[in-house]
Amino acid sequence: MVETEEGDMDHITADVQQAQKVTLACESSHGTTNDEDNSPLMGAVFKNPICKVYRFQTVDSKWMLVREQMDECTLSFSIPRQLLNLYIQEDMRRIHDLRDLGDLSPHWDNLRKEVTSRYGQVIAAYQETLAELDKITGPSFKPSCSKAQRYLEFIPINLHTQRMRVTCPRKTDAFYDVVTVGAPAAHFQGFKGGGLRRLLGRHEAEKKSFSTAYQCIYYSPEHTAKAQEVLNSVGQLQPLISGLADQLLQAAQQRSAPSLREVLKTLAEKTEQFVHALKDELVKSALLALHAARPGYVTKNQTQTLPGHTIHNHRDPQSPVQQGPQGPSPSQNPGLSPGERAADSPASVCNNVDGGSLTPPVGEGGPVLRQDSIPCHKEYDEEEWDRVWADVAKSLSCVIAMVDKLQEQEPVNNNQEQPISDHALADVITSHNPSGDWREQLCPLVVRLKDCVEEVVKRAKRAMTFVLLQEAACSIPQGLYLKQRRDVVFSQALAALACGFVMRLYAGMEDRGFLKQLHLVGLVAQFESLLSTYSEEIGMLEDMEVGISDLHRVAFKITQSKTDEPCDLQPVVIGRRDHYTVEVPLPPLAFQTLPDEMKEGKVLQIYPVLFNVGINEQQTIAERFGDISLQERINQRNFEILDGYYKSLNDKVPPECLPCFETQTDLKELLETLGQNVITKKRKNVEILWLAGTICRRLNGIRFTSCKSAKDRTSMSVTLEQCALLRDEHQLNKDYFIRALDCMRSRLTQGGVLCQWDSDPEAACSVAENKPASRHFYPIALLLVSSHLLVVWLILSLVFLLAKYQ
């Protein structure tokens, strides 16, 4: 290989027979190579490379050198392990929140116990799986023969990266990357009832009847997502507001007026965001529902009502809330914006800005009212929830007023000709404030603000937890099973995405245009699927569709590692099910070369898209006798996402940031052609896959190729794409195209036997077994013995197909 790489390729000549012998220049098995791809940065995540080197003739009778390298990825196991830990922590927090709901009526308390028990079962199962994964040592990938193992269901199948590097006399070196992975799906759980898309749709249709059976409110997926969003917002904003309040006190202690104004401005903005996050009728109606679920609840118009039917006597949370006369909304309170606070004088809000009498603290009005004293619906909305809202706004207004008063004490007089001495400055301050301590004057108001925010958070968390309790109660037991299935599929999809992102980031570290695109717009991740819409592969495709769609909840962030050691360069996942962030560490030297936005921790967005075209014989049956609407819908929906990404990219990133190719077809034209192919009724329209892959490479995107196990169909697709790239971008001689394709799809064993290259190291096992390829020959031979048996077989096959697709 060294001689071939260093020799003068321009003067190498050979006839066809000799060229066939030297096409495969070198092949190496597992181990390290001397290629620059195996830098310490790459070696931290990718390992056990398998390399092959070829040389092919170009159209001008010169020679190009082609090097294939396939690697395992350590993220195959590390990402699922981290996700399992996060799943366990989130479910344990859910149990804790359910217990914090307080006393509930017997009906709701029994539902809470049942939901808590179910969560406990899920946690125990995940802990058992995690313990088994921690015992595994060896290869960093899961072979297809293990896809039915329970403890490996969170691990993606055959996750590998493949890079083709091309060296030719005409142009600089070029490389093309692709990630190969088995379809992200719940293979262990099976597909008898279909995949996630079908199961989720069916379950959502049944939830209303479940809500009636369990006597609870039906909340739509939008309401459930909103409840989770509110929980996340208040969970993020509360510590932020608390931290800013402490910074305000610190600035007051230092008597720094500029710092005081700057921190106050940020505090007002975050408090306004906090109030707006809770400005939703779902929170108000959920608070009422929780109030009605307390033991012994009755309204003014009711003396005795069964707890199970109390909820149904009130407004449906989906219906619009009747607006009654209300006080000023916190979102409209001028105290939330320093520039607008003049409309509502802080002096009228606070009787004593020096820390005297304020609005009574929320929750100090006595014990929780029950029985006849519980307010009716409208009174509860206006006097309970709206009051805690208003208290936050009033407290902030008091803080703003006090800061204004403290700043007025500054002995600044523009008309003075002589500067004020330090002694005189102290006298002026003391004359306005005998104590002379800004912190002491501001501290009671800041503490009051933090207490009000804490009270709002407590109420909102309980209300939203009650929504999630009812959603879980209506879903028992099918809902938690579907959640587990979704966790499994998402884990496999995220491991593949993280692998592809890290590979693409490492490859583009020196490309300023790519880095600019990355932080301004984000990256497109294009998943190419070759699954058929027939039999169990329909369920796999339905699982994969949901798993890839869920990746839009994932973002990436670049961080600086402590050292250059591989253990410090492993990506870390943080977050919860509705949003995850993958932190990718880089060595200090590499981190310093990044744009400032990325060094400051800007979150990087990913746009996952999925295109599927079945190509095997089962797809032929599906197109003739079955239904391919699932494939058509997936392709049309994801084309819209890809087209939207291109428009956003076109607005924010100049064209010179994108890579250049020999085939200078306009990107807009390629997208229009893809759109036409997506809506065209054509059998096995592989043009969709080719166009989507081309567009992805032109957009600096991440390429993924999948089939059931990432072996046969995947290897056929990858090798065909590689040869097409050699032909279109590097002028591969047309006489060498088929020869190059055959060479890439085969490899020489130690015994000199030519066998299939499956893009999978486990293929060596099947070769060693020397199983006969004609294992289906014997049944056919038996049928040929008698023509009667053949006719019977044909009739039975036809009846089976008609019954299946009727």
# chains A, B, ... in the order shown; residues from 1 in each chain; ligands from 1
call {"tool": "closest_atom_pairs", "arguments": {"of": "stretch 138-246 of chain A", "to": "stretch 579-599 of chain A", "cutoff": "12 Å", "atoms": "only C-alpha atoms", "output": "Markdown table"}}
result
| residue | atom | partner | partner_atom | distance |
| --- | --- | --- | --- | --- |
| A:Ala225 | CA | A:His579 | CA | 11.3 |
| A:Gln228 | CA | A:His579 | CA | 10.3 |
| A:Glu229 | CA | A:His579 | CA | 9.7 |
| A:Asn232 | CA | A:His579 | CA | 9.4 |
| A:Ser233 | CA | A:His579 | CA | 11.8 |
call {"tool": "residues_around", "arguments": {"residues": "A:Ala124", "least_positions_apart": "2", "cutoff": "12 Å", "atoms": "only C-alpha atoms", "output": "list of chain:residue names"}}
result
A:Leu84, A:Asn85, A:Tyr87, A:Ile88, A:Gln89, A:Asp91, A:Met92, A:Ser117, A:Arg118, A:Tyr119, A:Gly120, A:Gln121, A:Val122, A:Tyr126, A:Gln127, A:Glu128, A:Thr129, A:Leu130, A:Ala131
call {"tool": "write_last_selection", "arguments": {"atoms": "all heavy atoms", "output": "compact mmCIF listing (two decimals), in the first residue's frame"}}
result
# COMPACT_ATOMS: atom_id res chain seq x y z
N LEU A 84 -30.65 5.52 29.56
CA LEU A 84 -31.31 4.70 30.57
C LEU A 84 -31.21 5.37 31.94
O LEU A 84 -32.19 5.38 32.71
CB LEU A 84 -30.68 3.31 30.60
CG LEU A 84 -31.18 2.33 29.53
CD1 LEU A 84 -30.27 1.11 29.45
CD2 LEU A 84 -32.61 1.90 29.82
N ASN A 85 -30.07 5.92 32.26
CA ASN A 85 -29.94 6.64 33.53
C ASN A 85 -30.88 7.84 33.59
O ASN A 85 -31.50 8.11 34.63
CB ASN A 85 -28.49 7.10 33.73
CG ASN A 85 -27.60 6.02 34.31
OD1 ASN A 85 -27.95 5.38 35.30
ND2 ASN A 85 -26.44 5.80 33.70
N TYR A 87 -33.70 8.20 31.86
CA TYR A 87 -35.07 7.68 31.97
C TYR A 87 -35.40 7.35 33.43
O TYR A 87 -36.49 7.69 33.93
CB TYR A 87 -35.23 6.41 31.13
CG TYR A 87 -35.16 6.61 29.63
CD1 TYR A 87 -34.76 5.56 28.79
CD2 TYR A 87 -35.50 7.82 29.04
CE1 TYR A 87 -34.69 5.72 27.42
CE2 TYR A 87 -35.43 7.99 27.67
CZ TYR A 87 -35.02 6.93 26.86
OH TYR A 87 -34.97 7.09 25.50
N ILE A 88 -34.48 6.68 34.09
CA ILE A 88 -34.71 6.28 35.49
C ILE A 88 -34.87 7.52 36.37
O ILE A 88 -35.79 7.60 37.20
CB ILE A 88 -33.56 5.39 35.97
CG1 ILE A 88 -33.58 4.04 35.23
CG2 ILE A 88 -33.65 5.16 37.48
CD1 ILE A 88 -32.35 3.18 35.48
N GLN A 89 -33.99 8.49 36.21
CA GLN A 89 -34.07 9.71 37.03
C GLN A 89 -35.37 10.45 36.79
O GLN A 89 -36.00 10.95 37.73
CB GLN A 89 -32.87 10.61 36.72
CG GLN A 89 -31.53 10.03 37.12
CD GLN A 89 -30.37 10.87 36.63
OE1 GLN A 89 -30.55 12.02 36.21
NE2 GLN A 89 -29.17 10.30 36.65
N ASP A 91 -38.31 9.25 35.70
CA ASP A 91 -39.45 8.53 36.26
C ASP A 91 -39.45 8.58 37.79
O ASP A 91 -40.52 8.61 38.41
CB ASP A 91 -39.43 7.07 35.78
CG ASP A 91 -39.77 6.96 34.30
OD1 ASP A 91 -40.32 7.93 33.76
OD2 ASP A 91 -39.48 5.90 33.70
N MET A 92 -38.27 8.59 38.40
CA MET A 92 -38.22 8.73 39.86
C MET A 92 -38.70 10.13 40.28
O MET A 92 -39.38 10.27 41.30
CB MET A 92 -36.81 8.46 40.36
CG MET A 92 -36.37 7.01 40.21
SD MET A 92 -34.67 6.69 40.75
CE MET A 92 -34.85 6.87 42.53
N SER A 117 -47.04 2.54 40.95
CA SER A 117 -46.59 1.15 40.87
C SER A 117 -46.07 0.82 39.47
O SER A 117 -45.05 0.14 39.31
CB SER A 117 -47.74 0.21 41.24
OG SER A 117 -47.38 -1.14 41.05
N ARG A 118 -46.78 1.32 38.46
CA ARG A 118 -46.33 1.09 37.08
C ARG A 118 -44.98 1.74 36.81
O ARG A 118 -44.11 1.15 36.17
CB ARG A 118 -47.38 1.61 36.09
CG ARG A 118 -48.69 0.86 36.10
CD ARG A 118 -48.56 -0.47 35.39
NE ARG A 118 -49.84 -1.18 35.36
CZ ARG A 118 -50.03 -2.33 34.73
NH1 ARG A 118 -49.01 -2.89 34.09
NH2 ARG A 118 -51.20 -2.92 34.75
N TYR A 119 -44.83 2.97 37.27
CA TYR A 119 -43.54 3.64 37.10
C TYR A 119 -42.43 2.86 37.80
O TYR A 119 -41.31 2.76 37.30
CB TYR A 119 -43.60 5.06 37.65
CG TYR A 119 -44.17 6.07 36.68
CD1 TYR A 119 -45.26 6.86 37.03
CD2 TYR A 119 -43.62 6.24 35.42
CE1 TYR A 119 -45.80 7.79 36.15
CE2 TYR A 119 -44.15 7.16 34.53
CZ TYR A 119 -45.23 7.94 34.90
OH TYR A 119 -45.75 8.85 34.02
N GLY A 120 -42.74 2.33 38.98
CA GLY A 120 -41.75 1.53 39.69
C GLY A 120 -41.33 0.31 38.91
O GLY A 120 -40.15 -0.08 38.91
N GLN A 121 -42.28 -0.34 38.21
CA GLN A 121 -41.95 -1.51 37.39
C GLN A 121 -41.03 -1.12 36.23
O GLN A 121 -40.07 -1.84 35.90
CB GLN A 121 -43.23 -2.15 36.86
CG GLN A 121 -44.12 -2.73 37.95
CD GLN A 121 -45.45 -3.21 37.41
OE1 GLN A 121 -45.64 -3.34 36.19
NE2 GLN A 121 -46.39 -3.48 38.30
N VAL A 122 -41.33 0.02 35.60
CA VAL A 122 -40.49 0.48 34.49
C VAL A 122 -39.07 0.78 35.00
O VAL A 122 -38.07 0.41 34.37
CB VAL A 122 -41.11 1.73 33.83
CG1 VAL A 122 -40.16 2.31 32.79
CG2 VAL A 122 -42.45 1.38 33.19
N TYR A 126 -35.59 -0.98 33.75
CA TYR A 126 -34.49 -0.21 33.19
C TYR A 126 -33.21 -0.39 34.01
O TYR A 126 -32.10 -0.46 33.45
CB TYR A 126 -34.86 1.27 33.13
CG TYR A 126 -35.82 1.63 32.01
CD1 TYR A 126 -36.33 0.65 31.17
CD2 TYR A 126 -36.24 2.93 31.80
CE1 TYR A 126 -37.22 0.97 30.15
CE2 TYR A 126 -37.11 3.27 30.77
CZ TYR A 126 -37.60 2.28 29.96
OH TYR A 126 -38.47 2.60 28.94
N GLN A 127 -33.35 -0.47 35.32
CA GLN A 127 -32.17 -0.70 36.16
C GLN A 127 -31.56 -2.07 35.89
O GLN A 127 -30.33 -2.22 35.86
CB GLN A 127 -32.56 -0.57 37.64
CG GLN A 127 -32.84 0.86 38.07
CD GLN A 127 -33.34 0.95 39.50
OE1 GLN A 127 -33.92 -0.01 40.03
NE2 GLN A 127 -33.16 2.11 40.13
N GLU A 128 -32.41 -3.05 35.67
CA GLU A 128 -31.90 -4.39 35.35
C GLU A 128 -31.18 -4.39 34.01
O GLU A 128 -30.10 -4.99 33.87
CB GLU A 128 -33.07 -5.38 35.33
CG GLU A 128 -32.67 -6.82 35.08
CD GLU A 128 -33.86 -7.76 35.07
OE1 GLU A 128 -34.99 -7.29 35.27
OE2 GLU A 128 -33.65 -8.97 34.85
N THR A 129 -31.76 -3.72 33.02
CA THR A 129 -31.12 -3.63 31.70
C THR A 129 -29.78 -2.91 31.81
O THR A 129 -28.78 -3.33 31.21
CB THR A 129 -32.04 -2.89 30.72
OG1 THR A 129 -33.27 -3.59 30.58
CG2 THR A 129 -31.38 -2.76 29.35
N LEU A 130 -29.74 -1.84 32.56
CA LEU A 130 -28.51 -1.08 32.72
C LEU A 130 -27.43 -1.92 33.39
O LEU A 130 -26.25 -1.86 33.00
CB LEU A 130 -28.79 0.18 33.53
CG LEU A 130 -27.70 1.24 33.60
CD1 LEU A 130 -27.33 1.74 32.21
CD2 LEU A 130 -28.15 2.41 34.47
N ALA A 131 -27.82 -2.70 34.38
CA ALA A 131 -26.85 -3.55 35.06
C ALA A 131 -26.26 -4.59 34.11
O ALA A 131 -25.06 -4.89 34.16
CB ALA A 131 -27.50 -4.24 36.26
call {"tool": "closest_residue", "arguments": {"among": "A:Ala252, A:Met164, A:Ala292, A:Val178", "to": "A:Asp103", "atoms": "only C-alpha atoms"}}
result
A:Ala292
call {"tool": "atom_distance", "arguments": {"atom1": "atom CA of A:Ile621", "atom2": "atom CA of A:Phe191"}}
result
18.9 Å
call {"tool": "atom_distance", "arguments": {"atom1": "atom CA of A:Asp728", "atom2": "atom CA of A:Glu672"}}
result
20.8 Å
call {"tool": "closest_atom_pairs", "arguments": {"of": "stretch 139-238 of chain A", "to": "stretch 501-509 of chain A", "cutoff": "10 Å", "atoms": "only C-alpha atoms", "output": "CSV"}}
result
residue,atom,partner,partner_atom,distance
A:Thr161,CA,A:Met503,CA,8.2
A:Arg163,CA,A:Met503,CA,9.9
A:Phe175,CA,A:Ala507,CA,9.3
A:Asp177,CA,A:Arg504,CA,8.1
A:Val178,CA,A:Met503,CA,9.4
A:Val179,CA,A:Met503,CA,9.1
call {"tool": "write_last_selection", "arguments": {"atoms": "N, CA and C atoms", "output": "JSON list (two decimals), in the first residue's frame"}}
result
[["chain", "number", "residue", "atom", "x", "y", "z"],
["A", 161, "THR", "N", -19.43, 3.44, 10.94],
["A", 161, "THR", "CA", -19.16, 4.57, 10.06],
["A", 161, "THR", "C", -18.28, 4.09, 8.91],
["A", 163, "ARG", "N", -15.99, 5.60, 5.61],
["A", 163, "ARG", "CA", -15.42, 6.75, 4.91],
["A", 163, "ARG", "C", -14.67, 6.27, 3.67],
["A", 175, "PHE", "N", -13.16, 13.10, 0.58],
["A", 175, "PHE", "CA", -13.68, 11.96, 1.33],
["A", 175, "PHE", "C", -15.19, 12.07, 1.44],
["A", 177, "ASP", "N", -18.50, 10.38, 3.66],
["A", 177, "ASP", "CA", -18.86, 9.63, 4.85],
["A", 177, "ASP", "C", -20.31, 9.16, 4.79],
["A", 178, "VAL", "N", -20.56, 8.03, 5.42],
["A", 178, "VAL", "CA", -21.92, 7.54, 5.59],
["A", 178, "VAL", "C", -21.94, 6.70, 6.86],
["A", 179, "VAL", "N", -23.04, 6.77, 7.58],
["A", 179, "VAL", "CA", -23.24, 5.97, 8.78],
["A", 179, "VAL", "C", -24.26, 4.89, 8.43]]
call {"tool": "closest_residue", "arguments": {"among": "A:Lys681, A:Arg197, A:Lys47, A:Arg745", "to": "A:Leu482", "atoms": "only C-alpha atoms"}}
result
A:Arg197
call {"tool": "closest_atom_pairs", "arguments": {"of": "stretch 445-543 of chain A", "to": "stretch 635-654 of chain A", "cutoff": "12 Å", "atoms": "only C-alpha atoms", "output": "JSON lines"}}
result
{"residue": "A:Arg512", "atom": "CA", "partner": "A:Val653", "partner_atom": "CA", "distance": 11.8}
{"residue": "A:Gly513", "atom": "CA", "partner": "A:Val653", "partner_atom": "CA", "distance": 8.5}
{"residue": "A:Phe514", "atom": "CA", "partner": "A:Val653", "partner_atom": "CA", "distance": 9.7}
{"residue": "A:Leu515", "atom": "CA", "partner": "A:Val653", "partner_atom": "CA", "distance": 10.8}
{"residue": "A:Lys516", "atom": "CA", "partner": "A:Val653", "partner_atom": "CA", "distance": 7.7}
{"residue": "A:Gln517", "atom": "CA", "partner": "A:Val653", "partner_atom": "CA", "distance": 6.2}
{"residue": "A:Leu518", "atom": "CA", "partner": "A:Val653", "partner_atom": "CA", "distance": 9.8}
{"residue": "A:His519", "atom": "CA", "partner": "A:Val653", "partner_atom": "CA", "distance": 10.3}
{"residue": "A:Leu520", "atom": "CA", "partner": "A:Lys652", "partner_atom": "CA", "distance": 7.0}
{"residue": "A:Val521", "atom": "CA", "partner": "A:Leu649", "partner_atom": "CA", "distance": 6.2}
{"residue": "A:Gly522", "atom": "CA", "partner": "A:Leu649", "partner_atom": "CA", "distance": 8.6}
{"residue": "A:Leu523", "atom": "CA", "partner": "A:Tyr645", "partner_atom": "CA", "distance": 8.8}
{"residue": "A:Val524", "atom": "CA", "partner": "A:Tyr645", "partner_atom": "CA", "distance": 7.6}
{"residue": "A:Ala525", "atom": "CA", "partner": "A:Leu642", "partner_atom": "CA", "distance": 9.6}
{"residue": "A:Gln526", "atom": "CA", "partner": "A:Leu642", "partner_atom": "CA", "distance": 8.9}
{"residue": "A:Phe527", "atom": "CA", "partner": "A:Asn638", "partner_atom": "CA", "distance": 10.2}
{"residue": "A:Glu528", "atom": "CA", "partner": "A:Asn635", "partner_atom": "CA", "distance": 10.5}
{"residue": "A:Ser529", "atom": "CA", "partner": "A:Asn635", "partner_atom": "CA", "distance": 10.6}
call {"tool": "closest_residue", "arguments": {"among": "A:Ser397, A:Gln238, A:Ser105, A:Gln619", "to": "A:Gly296", "atoms": "only C-alpha atoms"}}
result
A:Ser105
call {"tool": "residues_around", "arguments": {"residues": "A:Ile688", "least_positions_apart": "5", "cutoff": "12 Å", "atoms": "only C-alpha atoms", "output": "PyMOL selection string"}}
result
chain A and resi 528-530+610-614+631-632+635-636+638-639+670-683+693-695
call {"tool": "select_by_dssp", "arguments": {"residues": "stretch 568-664 of chain A", "states": "strand (DSSP E)", "output": "PyMOL selection string"}}
result
chain A and resi 572-576+579-586+604-612
call {"tool": "closest_residue", "arguments": {"among": "A:Arg439, A:Arg624, A:His187, A:Lys113", "to": "A:Ser256", "atoms": "only C-alpha atoms"}}
result
A:Arg439
call {"tool": "atom_distance", "arguments": {"atom1": "atom CA of A:Ser259", "atom2": "atom CA of A:Leu244"}}
result
11.5 Å
call {"tool": "closest_residue", "arguments": {"among": "A:Ser491, A:Phe274, A:Ala622, A:Gln731", "to": "A:Pro169", "atoms": "only C-alpha atoms"}}
result
A:Gln731
call {"tool": "decode", "arguments": {"residues": "stretch 726-746 of chain A", "atoms": "N, CA, C and O atoms", "output": "PDB file, in the first residue's frame"}}
result
ATOM      1  N   LEU A 726     -17.475   8.150  -7.595  1.00  0.00           N
ATOM      2  CA  LEU A 726     -16.214   8.052  -8.342  1.00  0.00           C
ATOM      3  C   LEU A 726     -16.433   8.380  -9.815  1.00  0.00           C
ATOM      4  O   LEU A 726     -15.588   9.025 -10.445  1.00  0.00           O
ATOM      5  N   ARG A 727     -17.542   7.960 -10.362  1.00  0.00           N
ATOM      6  CA  ARG A 727     -17.832   8.234 -11.775  1.00  0.00           C
ATOM      7  C   ARG A 727     -18.132   9.713 -12.010  1.00  0.00           C
ATOM      8  O   ARG A 727     -17.609  10.329 -12.946  1.00  0.00           O
ATOM      9  N   ASP A 728     -18.990  10.305 -11.138  1.00  0.00           N
ATOM     10  CA  ASP A 728     -19.451  11.674 -11.378  1.00  0.00           C
ATOM     11  C   ASP A 728     -18.455  12.733 -10.913  1.00  0.00           C
ATOM     12  O   ASP A 728     -18.361  13.800 -11.522  1.00  0.00           O
ATOM     13  N   GLU A 729     -17.724  12.454  -9.836  1.00  0.00           N
ATOM     14  CA  GLU A 729     -16.859  13.468  -9.250  1.00  0.00           C
ATOM     15  C   GLU A 729     -15.383  13.264  -9.563  1.00  0.00           C
ATOM     16  O   GLU A 729     -14.602  14.209  -9.457  1.00  0.00           O
ATOM     17  N   HIS A 730     -14.982  12.039  -9.928  1.00  0.00           N
ATOM     18  CA  HIS A 730     -13.555  11.757 -10.108  1.00  0.00           C
ATOM     19  C   HIS A 730     -13.263  11.068 -11.443  1.00  0.00           C
ATOM     20  O   HIS A 730     -12.197  10.494 -11.610  1.00  0.00           O
ATOM     21  N   GLN A 731     -14.226  11.119 -12.348  1.00  0.00           N
ATOM     22  CA  GLN A 731     -14.029  10.656 -13.723  1.00  0.00           C
ATOM     23  C   GLN A 731     -13.543   9.205 -13.789  1.00  0.00           C
ATOM     24  O   GLN A 731     -12.584   8.877 -14.497  1.00  0.00           O
ATOM     25  N   LEU A 732     -14.196   8.329 -13.070  1.00  0.00           N
ATOM     26  CA  LEU A 732     -13.912   6.903 -13.165  1.00  0.00           C
ATOM     27  C   LEU A 732     -14.225   6.410 -14.574  1.00  0.00           C
ATOM     28  O   LEU A 732     -15.279   6.717 -15.142  1.00  0.00           O
ATOM     29  N   ASN A 733     -13.300   5.662 -15.140  1.00  0.00           N
ATOM     30  CA  ASN A 733     -13.501   5.110 -16.484  1.00  0.00           C
ATOM     31  C   ASN A 733     -14.761   4.244 -16.493  1.00  0.00           C
ATOM     32  O   ASN A 733     -14.964   3.407 -15.612  1.00  0.00           O
ATOM     33  N   LYS A 734     -15.612   4.444 -17.503  1.00  0.00           N
ATOM     34  CA  LYS A 734     -16.877   3.701 -17.545  1.00  0.00           C
ATOM     35  C   LYS A 734     -16.645   2.198 -17.639  1.00  0.00           C
ATOM     36  O   LYS A 734     -17.480   1.410 -17.182  1.00  0.00           O
ATOM     37  N   ASP A 735     -15.510   1.786 -18.217  1.00  0.00           N
ATOM     38  CA  ASP A 735     -15.211   0.357 -18.270  1.00  0.00           C
ATOM     39  C   ASP A 735     -14.868  -0.208 -16.901  1.00  0.00           C
ATOM     40  O   ASP A 735     -14.879  -1.423 -16.708  1.00  0.00           O
ATOM     41  N   TYR A 736     -14.532   0.665 -15.959  1.00  0.00           N
ATOM     42  CA  TYR A 736     -14.169   0.235 -14.619  1.00  0.00           C
ATOM     43  C   TYR A 736     -15.339   0.290 -13.636  1.00  0.00           C
ATOM     44  O   TYR A 736     -15.187  -0.141 -12.495  1.00  0.00           O
ATOM     45  N   PHE A 737     -16.476   0.825 -14.051  1.00  0.00           N
ATOM     46  CA  PHE A 737     -17.574   1.032 -13.091  1.00  0.00           C
ATOM     47  C   PHE A 737     -18.040  -0.301 -12.496  1.00  0.00           C
ATOM     48  O   PHE A 737     -18.084  -0.470 -11.271  1.00  0.00           O
ATOM     49  N   ILE A 738     -18.418  -1.247 -13.360  1.00  0.00           N
ATOM     50  CA  ILE A 738     -18.902  -2.536 -12.861  1.00  0.00           C
ATOM     51  C   ILE A 738     -17.798  -3.271 -12.126  1.00  0.00           C
ATOM     52  O   ILE A 738     -18.037  -3.917 -11.087  1.00  0.00           O
ATOM     53  N   ARG A 739     -16.571  -3.161 -12.631  1.00  0.00           N
ATOM     54  CA  ARG A 739     -15.451  -3.825 -11.980  1.00  0.00           C
ATOM     55  C   ARG A 739     -15.220  -3.248 -10.585  1.00  0.00           C
ATOM     56  O   ARG A 739     -14.972  -3.977  -9.621  1.00  0.00           O
ATOM     57  N   ALA A 740     -15.302  -1.925 -10.465  1.00  0.00           N
ATOM     58  CA  ALA A 740     -15.147  -1.295  -9.156  1.00  0.00           C
ATOM     59  C   ALA A 740     -16.272  -1.697  -8.211  1.00  0.00           C
ATOM     60  O   ALA A 740     -16.053  -1.956  -7.015  1.00  0.00           O
ATOM     61  N   LEU A 741     -17.488  -1.764  -8.745  1.00  0.00           N
ATOM     62  CA  LEU A 741     -18.633  -2.159  -7.924  1.00  0.00           C
ATOM     63  C   LEU A 741     -18.463  -3.582  -7.408  1.00  0.00           C
ATOM     64  O   LEU A 741     -18.675  -3.863  -6.220  1.00  0.00           O
ATOM     65  N   ASP A 742     -18.070  -4.494  -8.297  1.00  0.00           N
ATOM     66  CA  ASP A 742     -17.865  -5.881  -7.873  1.00  0.00           C
ATOM     67  C   ASP A 742     -16.739  -5.998  -6.857  1.00  0.00           C
ATOM     68  O   ASP A 742     -16.814  -6.801  -5.918  1.00  0.00           O
ATOM     69  N   CYS A 743     -15.711  -5.198  -7.041  1.00  0.00           N
ATOM     70  CA  CYS A 743     -14.573  -5.269  -6.127  1.00  0.00           C
ATOM     71  C   CYS A 743     -14.954  -4.763  -4.736  1.00  0.00           C
ATOM     72  O   CYS A 743     -14.568  -5.357  -3.720  1.00  0.00           O
ATOM     73  N   MET A 744     -15.727  -3.690  -4.678  1.00  0.00           N
ATOM     74  CA  MET A 744     -16.130  -3.167  -3.374  1.00  0.00           C
ATOM     75  C   MET A 744     -17.108  -4.083  -2.660  1.00  0.00           C
ATOM     76  O   MET A 744     -17.200  -4.065  -1.429  1.00  0.00           O
ATOM     77  N   ARG A 745     -17.845  -4.871  -3.441  1.00  0.00           N
ATOM     78  CA  ARG A 745     -18.845  -5.750  -2.837  1.00  0.00           C
ATOM     79  C   ARG A 745     -18.304  -7.126  -2.495  1.00  0.00           C
ATOM     80  O   ARG A 745     -19.056  -8.025  -2.168  1.00  0.00           O
ATOM     81  N   SER A 746     -17.037  -7.300  -2.617  1.00  0.00           N
ATOM     82  CA  SER A 746     -16.453  -8.600  -2.311  1.00  0.00           C
ATOM     83  C   SER A 746     -15.142  -8.389  -1.598  1.00  0.00           C
ATOM     84  O   SER A 746     -14.569  -7.302  -1.592  1.00  0.00           O
TER      85      SER A 746
END
